[in-house]
$ cat entry02.txt   # compact mmCIF, C-alpha atoms (C1' of nucleotides)
# COMPACT_ATOMS: atom_id res chain seq x y z
CA MET X 1376 0.00 0.00 0.00
CA SER X 1377 1.34 3.37 -0.98
CA THR X 1378 1.99 5.68 1.93
CA SER X 1379 3.06 8.66 -0.11
CA PHE X 1380 1.82 11.96 1.26
CA HIS X 1381 -0.81 13.36 -1.06
CA TYR X 1382 -4.06 15.26 -1.36
CA GLU X 1383 -7.00 13.71 -3.10
CA LYS X 1384 -9.87 15.93 -4.20
CA LEU X 1385 -13.20 14.13 -4.01
CA GLY X 1386 -15.62 16.92 -4.75
CA GLN X 1387 -16.11 20.62 -5.24
CA ASP X 1388 -18.87 23.15 -4.63
CA GLY X 1389 -17.97 26.60 -5.86
CA ALA X 1390 -14.47 27.27 -4.54
CA ALA X 1391 -14.94 24.82 -1.67
CA ARG X 1392 -13.32 21.40 -1.89
CA LEU X 1393 -14.04 18.03 -0.40
CA GLY X 1394 -10.97 15.88 -0.07
CA GLN X 1395 -8.63 13.57 1.78
CA ILE X 1396 -5.06 14.00 2.87
CA HIS X 1397 -3.13 10.76 3.03
CA THR X 1398 -0.35 10.60 5.62
CA ALA X 1399 1.91 8.06 7.26
CA HIS X 1400 -0.48 7.83 10.21
CA GLY X 1401 -3.78 7.86 8.41
CA VAL X 1402 -6.26 9.82 6.34
CA ILE X 1403 -7.63 13.28 7.09
CA HIS X 1404 -11.01 14.21 5.64
CA THR X 1405 -11.15 17.81 4.56
CA PRO X 1406 -12.25 20.46 5.23
CA ALA X 1407 -10.75 19.57 8.59
CA PHE X 1408 -10.40 21.25 11.93
CA MET X 1409 -7.28 20.35 13.90
CA PRO X 1410 -7.45 20.71 17.69
CA VAL X 1411 -4.40 22.38 19.17
CA GLY X 1412 -2.26 20.25 21.44
CA THR X 1413 0.66 22.57 21.91
CA VAL X 1414 2.64 20.75 24.58
CA GLY X 1415 1.73 17.26 23.54
CA THR X 1416 -1.81 17.30 24.90
CA VAL X 1417 -5.09 18.79 23.84
CA LYS X 1418 -5.66 20.52 27.14
CA ALA X 1419 -8.28 18.96 29.42
CA MET X 1420 -8.94 16.09 27.01
CA ALA X 1421 -7.77 12.51 26.82
CA PRO X 1422 -6.64 11.68 23.28
CA GLU X 1423 -9.30 8.99 23.03
CA SER X 1424 -11.93 11.64 23.71
CA VAL X 1425 -10.42 13.99 21.15
CA ALA X 1426 -10.68 11.22 18.58
CA ALA X 1427 -14.27 10.52 19.68
CA THR X 1428 -15.27 14.06 18.71
CA GLY X 1429 -14.24 13.22 15.16
CA ALA X 1430 -10.86 14.92 15.07
CA GLU X 1431 -8.42 13.09 12.82
CA ILE X 1432 -5.30 15.19 13.34
CA VAL X 1433 -3.94 17.32 16.15
CA LEU X 1434 -1.27 19.99 16.40
CA GLY X 1435 1.93 19.91 18.36
CA ASN X 1436 4.42 22.69 18.73
CA THR X 1437 8.12 22.92 18.00
CA TYR X 1438 8.74 25.83 20.34
CA HIS X 1439 7.05 24.32 23.38
CA LEU X 1440 8.24 20.76 22.91
CA MET X 1441 11.86 21.71 22.23
CA LEU X 1442 11.93 23.52 25.58
CA ARG X 1443 10.02 20.82 27.44
CA PRO X 1444 10.45 17.85 27.39
CA GLY X 1445 12.93 18.30 24.50
CA ALA X 1446 12.73 16.94 20.97
CA GLU X 1447 15.57 14.44 21.51
CA ARG X 1448 13.75 12.95 24.48
CA VAL X 1449 10.50 12.61 22.54
CA GLU X 1450 12.39 10.96 19.71
CA LYS X 1451 13.99 8.45 22.09
CA LEU X 1452 10.57 7.68 23.54
CA GLY X 1453 9.27 6.73 20.14
CA GLY X 1454 8.08 10.01 18.73
CA LEU X 1455 5.14 12.23 19.60
CA HIS X 1456 2.45 9.76 18.47
CA GLN X 1457 3.61 7.14 20.92
CA PHE X 1458 4.58 9.66 23.61
CA MET X 1459 1.13 11.29 23.75
CA ASN X 1460 -0.87 8.23 22.66
CA TRP X 1461 -2.20 9.84 19.50
CA PRO X 1462 -1.83 7.23 16.76
CA GLY X 1463 -3.30 9.49 14.06
CA PRO X 1464 -1.67 12.22 12.02
CA ILE X 1465 0.09 15.12 13.75
CA LEU X 1466 1.00 18.53 12.40
CA THR X 1467 3.65 20.57 14.17
CA ASP X 1468 3.97 24.30 14.03
CA SER X 1469 7.48 25.46 13.24
CA GLY X 1470 7.99 27.67 16.28
CA GLY X 1471 8.22 30.95 14.40
CA PHE X 1472 4.89 32.21 15.67
CA GLN X 1473 5.54 31.30 19.30
CA VAL X 1474 8.97 32.89 19.33
CA MET X 1475 7.18 36.13 18.53
CA SER X 1476 4.18 35.71 20.77
CA LEU X 1477 5.69 34.10 23.85
CA SER X 1478 9.35 34.75 24.32
CA LYS X 1479 10.94 37.95 25.42
CA LEU X 1480 14.34 39.23 24.41
CA ARG X 1481 14.28 37.65 20.98
CA LYS X 1482 16.77 38.62 18.33
CA LEU X 1483 15.92 37.98 14.74
CA ASN X 1484 18.45 37.94 11.94
CA GLU X 1485 18.94 36.28 8.59
CA ASP X 1486 20.06 33.03 10.17
CA GLY X 1487 17.10 32.61 12.51
CA VAL X 1488 15.86 33.67 15.91
CA THR X 1489 17.67 33.76 19.22
CA PHE X 1490 15.29 33.85 22.12
CA GLN X 1491 14.88 33.23 25.82
CA SER X 1492 12.64 30.48 27.07
CA HIS X 1493 9.40 31.66 28.69
CA ILE X 1494 9.85 28.76 31.11
CA ASP X 1495 13.30 29.27 32.59
CA GLY X 1496 14.87 32.14 30.67
CA SER X 1497 17.49 29.93 29.03
CA THR X 1498 18.76 31.03 25.63
CA HIS X 1499 17.90 29.06 22.49
CA VAL X 1500 18.36 29.42 18.76
CA LEU X 1501 15.80 28.42 16.22
CA THR X 1502 16.68 28.31 12.54
CA PRO X 1503 14.88 26.74 9.59
CA GLU X 1504 17.31 23.83 9.75
CA ARG X 1505 16.89 23.31 13.49
CA SER X 1506 13.09 23.59 13.22
CA MET X 1507 13.06 20.90 10.52
CA GLU X 1508 15.24 18.66 12.68
CA ILE X 1509 12.98 19.07 15.72
CA GLN X 1510 9.82 18.40 13.74
CA ARG X 1511 11.44 15.27 12.30
CA GLN X 1512 12.41 14.14 15.80
CA LEU X 1513 8.84 14.70 16.95
CA ASP X 1514 7.77 12.59 13.96
CA ALA X 1515 5.23 15.10 12.64
CA ASP X 1516 3.28 13.90 9.61
CA ILE X 1517 2.99 17.49 8.51
CA THR X 1518 5.95 19.78 9.08
CA MET X 1519 5.51 23.53 8.78
CA SER X 1520 8.28 25.58 7.29
CA PHE X 1521 9.95 28.09 9.61
CA ASP X 1522 8.52 31.56 9.16
CA GLU X 1523 7.99 34.91 10.77
CA CYS X 1524 4.34 35.75 11.41
CA THR X 1525 4.33 39.38 10.30
CA PRO X 1526 2.91 41.55 13.06
CA TYR X 1527 -0.23 43.54 12.31
CA PRO X 1528 -0.43 46.28 11.38
CA ALA X 1529 2.68 46.54 9.21
CA THR X 1530 3.59 49.01 6.50
CA GLU X 1531 4.00 47.59 3.03
CA ASP X 1532 7.79 47.91 3.34
CA GLN X 1533 7.84 46.09 6.67
CA ALA X 1534 5.51 43.40 5.35
CA ALA X 1535 7.65 42.93 2.25
CA GLU X 1536 10.87 42.61 4.22
CA SER X 1537 9.27 40.14 6.64
CA MET X 1538 7.66 38.09 3.88
CA ARG X 1539 10.89 37.86 1.86
CA LEU X 1540 12.79 36.67 4.92
CA SER X 1541 10.12 34.01 5.44
CA MET X 1542 10.47 32.98 1.79
CA ARG X 1543 14.25 32.57 2.15
CA TRP X 1544 13.59 30.55 5.29
CA ALA X 1545 11.01 28.52 3.35
CA LYS X 1546 13.69 27.55 0.82
CA ARG X 1547 16.07 26.57 3.60
CA SER X 1548 13.26 24.61 5.27
CA LYS X 1549 12.64 22.70 2.06
CA ASP X 1550 16.36 21.98 1.65
CA ALA X 1551 16.66 20.76 5.25
CA PHE X 1552 13.46 18.71 5.27
CA VAL X 1553 14.17 14.98 5.12
CA GLU X 1554 11.72 13.37 2.71
CA ARG X 1555 10.02 10.27 4.03
CA PRO X 1556 7.02 8.42 2.61
CA GLY X 1557 3.79 9.71 4.08
CA TYR X 1558 5.38 12.85 5.51
CA GLY X 1559 4.79 16.29 4.08
CA LEU X 1560 6.16 19.81 4.31
CA PHE X 1561 3.97 22.90 4.03
CA GLY X 1562 5.01 26.38 2.95
CA ILE X 1563 3.43 29.45 4.51
CA VAL X 1564 2.17 32.44 2.55
CA GLN X 1565 2.86 35.82 4.16
CA GLY X 1566 2.49 39.39 2.90
CA SER X 1567 0.12 40.92 5.42
CA VAL X 1568 -2.84 42.71 3.81
CA TYR X 1569 -1.00 43.64 0.61
CA GLU X 1570 -2.16 41.89 -2.53
CA PRO X 1571 1.09 42.15 -4.50
CA LEU X 1572 3.04 40.76 -1.56
CA ARG X 1573 0.66 37.82 -1.14
CA ALA X 1574 1.02 37.10 -4.86
CA GLU X 1575 4.79 37.33 -4.70
CA SER X 1576 4.84 35.02 -1.68
CA VAL X 1577 2.69 32.39 -3.39
CA SER X 1578 4.86 32.56 -6.47
CA LYS X 1579 8.04 32.02 -4.47
CA LEU X 1580 6.56 29.12 -2.53
CA ARG X 1581 5.29 27.41 -5.70
CA GLU X 1582 8.72 27.79 -7.20
CA ILE X 1583 10.19 25.93 -4.22
CA GLY X 1584 7.37 23.39 -4.22
CA PHE X 1585 5.55 22.14 -1.14
CA ASP X 1586 3.18 19.32 -0.23
CA GLY X 1587 0.67 21.83 1.06
CA TYR X 1588 0.25 25.58 1.36
CA ALA X 1589 -0.68 27.51 4.45
CA VAL X 1590 -1.97 31.06 4.61
CA GLY X 1591 -0.32 32.74 7.59
CA GLY X 1592 -0.34 36.18 9.12
CA LEU X 1593 -4.12 36.38 9.31
CA ALA X 1594 -6.52 36.61 12.25
CA VAL X 1595 -4.00 38.90 13.89
CA GLY X 1596 -6.28 41.90 14.30
CA GLU X 1597 -7.23 42.78 10.73
CA GLY X 1598 -10.85 41.72 11.10
CA GLN X 1599 -12.95 39.13 9.31
CA GLU X 1600 -13.79 41.25 6.29
CA GLU X 1601 -10.13 41.99 5.60
CA MET X 1602 -9.17 38.36 6.21
CA PHE X 1603 -11.74 37.20 3.66
CA ARG X 1604 -10.46 39.79 1.19
CA ILE X 1605 -6.93 38.39 1.52
CA LEU X 1606 -8.25 34.84 1.04
CA ASP X 1607 -10.16 35.97 -2.04
CA ILE X 1608 -6.95 37.18 -3.66
CA THR X 1609 -4.63 34.46 -2.31
CA VAL X 1610 -6.40 31.10 -2.51
CA PRO X 1611 -7.02 31.22 -6.29
CA LEU X 1612 -3.26 31.48 -6.77
CA LEU X 1613 -2.57 28.23 -4.92
CA PRO X 1614 -2.20 24.88 -6.69
CA THR X 1615 -5.39 22.83 -6.77
CA ASP X 1616 -3.73 19.49 -6.13
CA ARG X 1617 -2.38 20.41 -2.69
CA PRO X 1618 -4.15 21.11 0.62
CA ARG X 1619 -4.63 24.71 1.77
CA TYR X 1620 -4.36 25.49 5.45
CA LEU X 1621 -5.51 28.72 7.10
CA MET X 1622 -3.37 29.01 10.20
CA GLY X 1623 -4.84 29.93 13.56
CA VAL X 1624 -8.44 30.31 12.40
CA GLY X 1625 -10.89 30.62 13.89
CA LYS X 1626 -14.38 31.32 15.06
CA PRO X 1627 -17.08 29.13 13.50
CA ALA X 1628 -18.14 31.90 11.12
CA ASP X 1629 -14.51 32.44 10.05
CA ILE X 1630 -14.23 28.76 9.19
CA VAL X 1631 -17.44 28.66 7.18
CA GLY X 1632 -16.36 31.74 5.24
CA ALA X 1633 -12.90 30.34 4.60
CA VAL X 1634 -14.23 26.96 3.43
CA LEU X 1635 -16.42 28.85 0.97
CA ARG X 1636 -13.20 30.41 -0.28
CA GLY X 1637 -11.39 27.11 -0.78
CA ILE X 1638 -9.56 26.44 2.50
CA ASP X 1639 -9.16 22.77 3.54
CA MET X 1640 -7.56 22.87 6.96
CA PHE X 1641 -7.87 24.93 10.13
CA ASP X 1642 -6.43 25.02 13.61
CA CYS X 1643 -7.38 27.30 16.44
CA VAL X 1644 -7.16 27.50 20.21
CA MET X 1645 -10.68 28.91 20.28
CA PRO X 1646 -12.64 25.76 21.17
CA THR X 1647 -10.13 24.54 23.74
CA ARG X 1648 -9.19 27.84 25.35
CA SER X 1649 -12.80 28.97 25.42
CA GLY X 1650 -13.67 25.68 27.04
CA ARG X 1651 -11.37 26.67 29.88
CA THR X 1652 -12.78 30.17 30.22
CA GLY X 1653 -16.47 29.33 30.16
CA GLN X 1654 -17.33 30.17 26.58
CA ALA X 1655 -19.29 27.51 24.69
CA PHE X 1656 -20.07 27.44 20.99
CA THR X 1657 -23.55 26.38 19.98
CA ARG X 1658 -25.67 26.34 16.86
CA ARG X 1659 -27.24 29.55 18.12
CA GLY X 1660 -24.02 31.42 18.78
CA SER X 1661 -21.64 31.52 21.70
CA VAL X 1662 -22.71 31.22 25.31
CA ASN X 1663 -20.82 32.20 28.44
CA ILE X 1664 -21.80 29.39 30.77
CA ARG X 1665 -20.59 31.38 33.78
CA ASN X 1666 -23.27 33.99 33.27
CA ALA X 1667 -25.82 34.11 36.08
CA ARG X 1668 -28.70 33.42 33.69
CA HIS X 1669 -27.72 29.74 33.57
CA GLN X 1670 -27.61 29.05 37.29
CA ASP X 1671 -31.09 27.52 37.50
CA ASP X 1672 -31.35 26.21 33.95
CA PRO X 1673 -31.89 22.43 33.76
CA ARG X 1674 -31.67 22.36 29.96
CA PRO X 1675 -28.63 21.16 28.00
CA LEU X 1676 -26.17 23.61 26.49
CA ASP X 1677 -27.21 22.69 22.96
CA GLU X 1678 -30.17 20.35 22.52
CA ALA X 1679 -28.99 19.27 19.08
CA CYS X 1680 -25.52 18.30 20.29
CA GLY X 1681 -24.55 14.69 20.99
CA CYS X 1682 -21.52 15.34 23.17
CA PRO X 1683 -21.33 14.06 26.76
CA ALA X 1684 -21.69 17.55 28.22
CA CYS X 1685 -24.96 18.11 26.38
CA ARG X 1686 -26.35 14.59 26.74
CA ASN X 1687 -25.72 14.17 30.47
CA TYR X 1688 -25.42 17.56 32.14
CA SER X 1689 -27.52 20.69 32.60
CA ARG X 1690 -26.53 24.29 32.01
CA ALA X 1691 -26.98 24.80 35.75
CA TYR X 1692 -24.39 22.12 36.53
CA LEU X 1693 -21.93 23.33 33.89
CA HIS X 1694 -22.44 26.83 35.30
CA HIS X 1695 -21.68 25.59 38.79
CA LEU X 1696 -18.53 23.77 37.64
CA GLY X 1697 -17.39 26.89 35.82
CA ARG X 1698 -17.92 29.12 38.84
CA ALA X 1699 -16.22 26.64 41.12
CA GLU X 1700 -13.33 26.34 38.62
CA GLU X 1701 -13.61 22.58 38.78
CA VAL X 1702 -11.48 20.46 36.44
CA LEU X 1703 -14.56 18.60 35.20
CA GLY X 1704 -15.99 21.91 34.00
CA LEU X 1705 -12.95 22.53 31.81
CA MET X 1706 -13.17 19.00 30.48
CA LEU X 1707 -16.86 19.02 29.65
CA LEU X 1708 -16.86 22.44 28.02
CA THR X 1709 -13.72 21.66 26.00
CA TRP X 1710 -15.28 18.38 24.96
CA HIS X 1711 -18.46 20.13 23.86
CA ASN X 1712 -16.59 22.80 21.92
CA LEU X 1713 -14.42 20.29 20.07
CA HIS X 1714 -17.51 18.22 19.32
CA TYR X 1715 -19.28 21.30 18.03
CA TYR X 1716 -16.35 22.21 15.78
CA GLN X 1717 -16.20 18.68 14.39
CA ASP X 1718 -19.97 18.67 13.85
CA LEU X 1719 -19.52 21.89 11.91
CA MET X 1720 -16.80 20.32 9.75
CA ARG X 1721 -18.93 17.21 9.15
CA GLY X 1722 -21.78 19.51 8.10
CA LEU X 1723 -19.54 21.43 5.74
CA ARG X 1724 -18.16 18.25 4.16
CA GLY X 1725 -21.65 16.84 3.71
CA ALA X 1726 -22.87 20.06 2.16
CA ILE X 1727 -19.98 20.19 -0.30
CA ALA X 1728 -20.53 16.55 -1.21
CA GLU X 1729 -24.17 17.28 -1.97
CA GLY X 1730 -23.60 20.61 -3.68
CA ARG X 1731 -25.59 22.62 -1.14
CA LEU X 1732 -22.83 24.55 0.61
CA THR X 1733 -24.34 27.97 -0.15
CA GLN X 1734 -27.58 26.97 1.53
CA PHE X 1735 -25.69 25.39 4.42
CA ALA X 1736 -23.75 28.62 4.99
CA ALA X 1737 -26.93 30.70 4.84
CA ASP X 1738 -28.66 28.42 7.34
CA PHE X 1739 -25.61 28.51 9.59
CA THR X 1740 -25.55 32.31 9.60
CA ALA X 1741 -29.29 32.56 10.19
CA GLU X 1742 -29.22 30.16 13.11
CA GLN X 1743 -26.20 31.85 14.70
CA ALA X 1744 -28.05 35.17 14.42
CA LEU X 1745 -30.95 33.83 16.48
CA GLY X 1746 -28.78 34.06 19.58
CA ASP X 1747 -28.96 31.78 22.58
CA ILE X 1748 -32.22 30.22 23.72
CA GLU X 1749 -34.44 32.37 25.94
CA PRO X 1750 -33.64 32.23 29.65
CA LEU X 1751 -36.17 30.39 31.77
C1' G E 1191 -17.08 43.92 86.82
C1' C E 1192 -12.38 46.85 85.28
C1' G E 1193 -9.08 48.38 81.32
C1' G E 1194 -7.75 48.45 75.97
C1' G E 1195 -9.00 47.83 70.73
C1' U E 1196 -12.26 47.63 66.46
C1' G E 1197 -17.05 48.94 63.88
C1' U E 1198 -16.41 52.28 56.27
C1' A E 1199 -19.16 47.94 49.74
C1' G E 1200 -21.04 40.89 50.04
C1' C E 1201 -15.65 39.83 52.36
C1' U E 1202 -10.65 41.80 54.00
C1' C E 1203 -9.35 46.65 54.74
C1' A E 1204 -7.41 51.85 53.20
C1' G E 1205 -8.88 56.90 53.89
C1' U E 1206 -10.73 61.65 55.44
C1' U E 1207 -4.99 67.29 59.73
C1' G E 1208 -13.65 68.54 59.32
C1' G E 1209 -14.95 70.76 52.83
C1' U E 1210 -17.76 69.01 45.65
C1' U E 1211 -19.77 62.76 43.12
C1' A E 1212 -15.84 58.05 50.12
C1' G E 1213 -11.62 54.25 47.67
C1' A E 1214 -8.55 49.34 46.78
C1' G E 1215 -8.16 44.02 46.37
C1' C E 1216 -11.27 39.96 46.17
C1' G E 1217 -16.34 38.75 45.14
C1' C E 1218 -20.63 40.11 42.11
C1' C E 1219 -22.78 41.74 36.83
C1' A E 1220 -21.10 41.73 31.84
C1' G E 1221 -17.51 41.98 27.58
C1' U E 1222 -12.82 40.55 25.00
C1' U E 1223 -9.27 36.29 23.92
C1' U E 1224 -7.93 33.29 16.50
C1' G E 1225 -0.20 28.88 14.18
C1' U E 1226 -2.64 28.17 23.62
C1' G E 1227 0.45 29.84 30.07
C1' G E 1228 -6.57 27.13 33.27
C1' U E 1229 -3.85 33.32 30.98
C1' A E 1230 -4.45 38.31 30.47
C1' C E 1231 -7.27 42.45 29.72
C1' U E 1232 -11.71 45.99 29.51
C1' G E 1233 -16.06 48.00 31.45
C1' G E 1234 -20.21 48.11 35.24
C1' A E 1235 -23.25 47.89 39.90
C1' U E 1236 -23.04 48.18 45.25
C1' G E 1237 -22.31 52.13 50.95
C1' U E 1238 -27.97 55.70 56.20
C1' C E 1239 -19.01 55.34 56.88
C1' G E 1240 -22.65 50.58 63.83
C1' U E 1241 -26.80 53.63 66.33
C1' C E 1242 -28.55 58.13 68.84
C1' G E 1243 -27.36 62.90 70.25
C1' G E 1244 -23.93 67.27 70.56
C1' U E 1245 -20.27 71.01 68.51
C1' U E 1246 -19.84 73.44 63.58
C1' C E 1247 -21.54 77.28 57.83
C1' A E 1248 -20.22 71.99 57.02
C1' A E 1249 -19.34 65.55 60.67
C1' U E 1250 -17.70 59.30 57.93
C1' U E 1251 -13.79 62.53 60.39
C1' C E 1252 -14.16 66.18 66.67
C1' C E 1253 -17.07 65.26 71.55
C1' G E 1254 -20.64 62.31 74.52
C1' A E 1255 -23.76 58.25 75.16
C1' U E 1256 -25.13 53.58 73.52
C1' C E 1257 -24.95 48.75 71.01
C1' A E 1258 -22.04 44.82 68.81
C1' C E 1259 -17.55 42.24 68.30
C1' U E 1260 -12.73 41.41 70.32
C1' C E 1261 -8.19 41.23 73.62
C1' G E 1262 -6.27 41.42 78.62
C1' C E 1263 -7.14 41.31 83.97
C1' C E 1264 -10.23 40.01 88.21

$ encode --input "entry02.txt" --output "structure tokens"
Amino acid sequence: MSTSFHYEKLGQDGAARLGQIHTAHGVIHTPAFMPVGTVGTVKAMAPESVAATGAEIVLGNTYHLMLRPGAERVEKLGGLHQFMNWPGPILTDSGGFQVMSLSKLRKLNEDGVTFQSHIDGSTHVLTPERSMEIQRQLDADITMSFDECTPYPATEDQAAESMRLSMRWAKRSKDAFVERPGYGLFGIVQGSVYEPLRAESVSKLREIGFDGYAVGGLAVGEGQEEMFRILDITVPLLPTDRPRYLMGVGKPADIVGAVLRGIDMFDCVMPTRSGRTGQAFTRRGSVNIRNARHQDDPRPLDEACGCPACRNYSRAYLHHLGRAEEVLGLMLLTWHNLHYYQDLMRGLRGAIAEGRLTQFAADFTAEQALGDIEPL
RNA sequence: GCGGGUGUAGCUCAGUUGGUUAGAGCGCCAGUUUGUGGUACUGGAUGUCGUCGGUUCAAUUCCGAUCACUCGCC
């Protein structure tokens, strides 16, 4: 059986695609949402439960795992799949984003980034070559090339300089990436909100050649309208025989809009982080379970949801757990949110398969606009 | 019984050398979080300043009484 990494398109509805990504550790049905498991765990969830929501691939992170427990250690222990008991596909972020968002005292030059650990202050260097090595040690099915996530806002000159550095790093990432059957390397499009820069970035990445293409530098404060505008000008430039991944996105409505524009893969901390801060996503919009209006409500969070939190527990109980900051509250709400996100992806895939995505999106928007059910 | 201390927001407490709308932290009521630090941030509501009386143009502040709590001694 061939284990070569490849994307297979199974259907199309407008710009949206239905497909499969074949990897060394299994198949991913797209459009797909990938739960974020930064430090080798999807927070508050056992991997078996993550899989039960329908997730087929999770994220790990170069930056976090290199600092703790260390990529060499993970490699010796059999790789990240075995280490965290996730037998399915894993995508690892390259560390570029986290160096910017988490570490202080970072120094960026042509070679890479020198930074201090947010854990113990120790000094580390991350380069495209080192990032590729770490992601290979982690045994990521999908490796992301090392990039700089251009801060927003940026002038066109700043965005151009940043993007071109990321493109040189993309070439070095490709050169350093060790090809193995079933393993793929993705390039990342940058260029901020500037159309010519996005086009130049795509062109440079296609010249290098990648197994998939990510759109980076979005959902960083530009707003949904602007993000969709960038997708409208960027996605049509990408090759049709490779997966497209919108990094770090997003809210349910962002995902629906991006699928309509031809995106196949998403990751976001939204469902998991929100699960830890009391925000739940439902068919009728988001709900803050800690709000006082839920304290006497015996009804489930979302009557149409089949997750354990909705089948077995009331809003009143989830509210209580949230107020009491009980671990079970984090677990149940995270579980619900991941289940909701996977339900959404299943709905999107079904709608594409049946050629009714436009109607699905309209229904989605209308139902979200209804707002939460009336308080008792 | 005697002597001391304390009574200010739901809680723990600042403060006012007497002067417009009395503050903080926590809690409470909401909002934000997009390639993750159970995080961080933003806004909002709430007071007979223990009670009664006196002094004063003006008292939460000074004086007296009283009540409650508290510490020590008998």

$ residues_around --input "entry02.txt" --residues "G1194 in chain E" --least-positions-apart "2" --cutoff "12 Å" --atoms "only C-alpha atoms (C1' of nucleotides)" --output "ChimeraX atom specification"
/E:1192,1196,1260-1263

$ closest_atom_pairs --input "entry02.txt" --of "chain X" --to "chain E" --cutoff "9 Å" --atoms "all atoms listed in the file" --output "Markdown table"
| residue | atom | partner | partner_atom | distance |
| --- | --- | --- | --- | --- |
| X:Val1411 | CA | E:U1226 | C1' | 7.5 |
| X:Gly1412 | CA | E:U1226 | C1' | 8.2 |
| X:Thr1413 | CA | E:U1226 | C1' | 6.7 |
| X:Lys1418 | CA | E:U1226 | C1' | 8.9 |
| X:Asn1436 | CA | E:G1225 | C1' | 9.0 |
| X:Asp1468 | CA | E:G1225 | C1' | 6.2 |
| X:Ser1469 | CA | E:G1225 | C1' | 8.5 |
| X:Gly1470 | CA | E:G1225 | C1' | 8.5 |
| X:Gly1471 | CA | E:G1225 | C1' | 8.7 |
| X:Phe1472 | CA | E:G1225 | C1' | 6.3 |
| X:Gln1473 | CA | E:G1225 | C1' | 8.1 |
| X:Cys1524 | CA | E:G1225 | C1' | 8.7 |
| X:Gly1591 | CA | E:G1225 | C1' | 7.6 |
| X:Gly1592 | CA | E:G1225 | C1' | 8.9 |
| X:Leu1593 | CA | E:U1224 | C1' | 8.7 |
| X:Ala1594 | CA | E:U1224 | C1' | 5.6 |
| X:Val1595 | CA | E:U1224 | C1' | 7.3 |
| X:Leu1621 | CA | E:G1225 | C1' | 8.9 |
| X:Met1622 | CA | E:G1225 | C1' | 5.1 |
| X:Gly1623 | CA | E:G1225 | C1' | 4.8 |
| X:Val1624 | CA | E:U1224 | C1' | 5.1 |
| X:Gly1625 | CA | E:U1224 | C1' | 4.8 |
| X:Lys1626 | CA | E:U1224 | C1' | 6.9 |
| X:Asp1642 | CA | E:G1225 | C1' | 7.4 |
| X:Cys1643 | CA | E:U1224 | C1' | 6.0 |
| X:Val1644 | CA | E:U1226 | C1' | 5.7 |
| X:Met1645 | CA | E:U1224 | C1' | 6.4 |
| X:Thr1647 | CA | E:U1226 | C1' | 8.3 |
| X:Arg1648 | CA | E:U1226 | C1' | 6.8 |
| X:Ser1649 | CA | E:U1223 | C1' | 8.3 |
| X:Arg1651 | CA | E:G1228 | C1' | 5.9 |
| X:Thr1652 | CA | E:G1228 | C1' | 7.6 |
| X:Asn1666 | CA | E:A1220 | C1' | 8.2 |
| X:Ala1667 | CA | E:C1219 | C1' | 8.2 |
| X:Glu1700 | CA | E:G1228 | C1' | 8.7 |
| X:Val1702 | CA | E:G1228 | C1' | 8.9 |
| X:Leu1705 | CA | E:G1228 | C1' | 8.0 |

$ atom_distance --input "entry02.txt" --atom1 "CA of Asp1388 in chain X" --atom2 "CA of Gly1746 in chain X"
28.3 Å

$ residues_around --input "entry02.txt" --residues "Arg1539 in chain X" --least-positions-apart "5" --cutoff "9 Å" --atoms "all atoms listed in the file" --output "list in words"
Ala1534, Trp1544, Gln1565, Gly1566, Glu1575 and Ser1576 of chain X

$ residues_around --input "entry02.txt" --residues "U1222 in chain E" --least-positions-apart "3" --cutoff "12 Å" --atoms "only C-alpha atoms (C1' of nucleotides)" --output "PyMOL selection string"
(chain X and resi 1649+1652+1654) or (chain E and resi 1230-1233)

$ write_last_selection --input "entry02.txt" --atoms "C-alpha atoms (C1' of nucleotides)" --output "mmCIF file, in the coordinates of the input"
data_model
loop_
_atom_site.group_PDB
_atom_site.id
_atom_site.type_symbol
_atom_site.label_atom_id
_atom_site.label_comp_id
_atom_site.auth_asym_id
_atom_site.auth_seq_id
_atom_site.Cartn_x
_atom_site.Cartn_y
_atom_site.Cartn_z
ATOM 1 C CA SER X 1649 -12.800 28.970 25.420
ATOM 2 C CA THR X 1652 -12.780 30.170 30.220
ATOM 3 C CA GLN X 1654 -17.330 30.170 26.580
ATOM 4 C "C1'" A E 1230 -4.450 38.310 30.470
ATOM 5 C "C1'" C E 1231 -7.270 42.450 29.720
ATOM 6 C "C1'" U E 1232 -11.710 45.990 29.510
ATOM 7 C "C1'" G E 1233 -16.060 48.000 31.450
#
